[in-house]
Amino acid sequence: ERTLYLNPENGYKLTHFIENSRNCDPHNWDDVHQCMSLLKRMHQEHLKVDHSFDIASQINKYEQLRNAPSAYRDYDQVKQRVDKLLKYVDRLDKDWTLCHIDANADNFVFDQNGKVFLIDWEYAGMQDPHVDIAMFAIYSMYDQEQIDHLISLYFERTIKQEIKYKIYAYVAICGLLWSNWCEYKQSLGLDFGEYSLAQYRYAKEYSLKVLNYLKGSKDGNY
């Protein structure tokens with residue numbers, strides 16, 4: 001986005017208004033390809049800031065803020081699996097650069113000429129770029145086939161199985177993050193319906209998927 005003014009004290013920002021704009025349609029693969037190309041270019045700039053987005057601490061923060069047990073009866077088991085995945089991805093080699101974190105389809109905006117912009121940088125911080133791919137996928141509520149296609153659009157080449165499963169791990173981890181966020185918001189009277197259930201489902205299903213994969217791989221010592 002074209003930033004015109006930014007107050008470093010309180011974060012107030014003015015940006016150029018995008019005339020006749022529309023959001024990315026996550027089910028239009030031409031749109032998604034353009035968005036992934038923009039996201040990848042941003043990652044390849046290797047921009048640095050003095051703060052990171054710590055997913056583990058954010059998961060715990062929203063868990064504490066809801067100030068009540070989770071509505072999901074198997075939450076503790078799912079959280080344990082996600083904790084294992086956090087330790088697993090922590091020891092993997094990764095690029096460490098500025099990431100958007102909330103890189104969902106609604107934050108990619110097309111102008112009337114078809115140029116795409118990335119807006120809403122509230123959560124941005126240093127992280128693994130693969131987190132941004134996972135975030136786009138789970139916000140769009142993609143199934144595994146769609147997630148795989150998203151990954152192929154970002155990389156534009158064949159990738160190793162380990163990288164795909166690392167992104168699956170982030171799908172589970174980020175799913176629990178936003179599930180906890182939704183549960184906290186629900187404690188304030190807001191209801192996110194199917195989105196909330198989908199995020200928990202990502203945490204539950206993809207944590208099992210990745211851990212089962214790791215048991216049969218050379219990376220089994222997670």
# chains A, B, ... in the order shown; residues from 1 in each chain; ligands from 1
>>> select_by_dssp(residues="segment 107-209 of chain A", states="alpha helix (DSSP H)", output="PyMOL selection string")
chain A and resi 129-139+144-155+161-187+193-209
>>> residues_around(residues="Val78 of chain A", least_positions_apart="3", cutoff="6 Å", atoms="only C-alpha atoms", output="MDAnalysis selection string")
chainID A and resid 75 81 204
>>> closest_atom_pairs(of="segment 6-123 of chain A", to="segment 182-186 of chain A", cutoff="8 Å", atoms="only C-alpha atoms", output="CSV")
residue,atom,partner,partner_atom,distance
A:Tyr62,CA,A:Tyr184,CA,6.2
A:Glu63,CA,A:Tyr184,CA,7.3
A:Leu65,CA,A:Tyr184,CA,6.2
A:Arg66,CA,A:Tyr184,CA,4.3
A:Ser70,CA,A:Glu183,CA,7.4
A:Ala71,CA,A:Glu183,CA,7.9
>>> closest_residue(among="A:Glu9, A:Asp93, A:Glu19, A:Asp106", to="Cys35 of chain A", atoms="only C-alpha atoms")
A:Asp106
>>> residues_around(residues="segment 175-177 of chain A", least_positions_apart="2", cutoff="7 Å", atoms="only C-alpha atoms", output="number ranges by chain")
A: 58-59, 138, 171-173, 179-181, 199-200, 202-203
>>> write_last_selection(atoms="C-alpha atoms", output="CSV table (one decimal), in the first residue's frame")
chain,number,residue,atom,x,y,z
A,58,GLN,CA,0.4,-15.3,20.9
A,59,ILE,CA,-1.3,-18.7,21.2
A,138,ILE,CA,-6.5,-21.2,6.6
A,171,VAL,CA,-1.4,-24.6,9.2
A,172,ALA,CA,-1.9,-26.4,12.4
A,173,ILE,CA,0.0,-23.9,14.6
A,179,SER,CA,-9.0,-20.6,17.2
A,180,ASN,CA,-7.9,-19.1,20.5
A,181,TRP,CA,-8.4,-15.6,19.1
A,199,GLN,CA,-9.4,-22.9,12.6
A,200,TYR,CA,-9.7,-25.4,15.3
A,202,TYR,CA,-6.9,-27.1,11.1
A,203,ALA,CA,-5.1,-27.4,14.4
>>> residues_around(residues="segment 11-15 of chain A", least_positions_apart="2", cutoff="12 Å", atoms="only C-alpha atoms", output="PyMOL selection string")
chain A and resi 1-9+17-18+117-122
>>> write_last_selection(atoms="C-alpha atoms", output="PDB file, in the first residue's frame")
ATOM      1  CA  GLU A   1       0.000   0.000   0.000  1.00  0.00           C
ATOM      2  CA  ARG A   2       1.103   3.597  -0.579  1.00  0.00           C
ATOM      3  CA  THR A   3       1.703   5.086   2.843  1.00  0.00           C
ATOM      4  CA  LEU A   4       1.366   8.864   2.988  1.00  0.00           C
ATOM      5  CA  TYR A   5       1.835   9.394   6.725  1.00  0.00           C
ATOM      6  CA  LEU A   6       2.744   7.207   9.690  1.00  0.00           C
ATOM      7  CA  ASN A   7       2.910   8.340  13.308  1.00  0.00           C
ATOM      8  CA  PRO A   8       5.596   6.245  15.055  1.00  0.00           C
ATOM      9  CA  GLU A   9       4.208   7.076  18.495  1.00  0.00           C
ATOM     10  CA  PHE A  17      -7.145   5.510  -1.373  1.00  0.00           C
ATOM     11  CA  ILE A  18      -7.443   2.754  -3.986  1.00  0.00           C
ATOM     12  CA  PHE A 117      -1.668  -4.100  -3.088  1.00  0.00           C
ATOM     13  CA  LEU A 118      -1.094  -5.653   0.339  1.00  0.00           C
ATOM     14  CA  ILE A 119      -2.750  -3.737   3.186  1.00  0.00           C
ATOM     15  CA  ASP A 120      -3.279  -3.977   6.975  1.00  0.00           C
ATOM     16  CA  TRP A 121       0.155  -4.500   8.532  1.00  0.00           C
ATOM     17  CA  GLU A 122      -0.974  -4.598  12.173  1.00  0.00           C
TER      18      GLU A 122
END
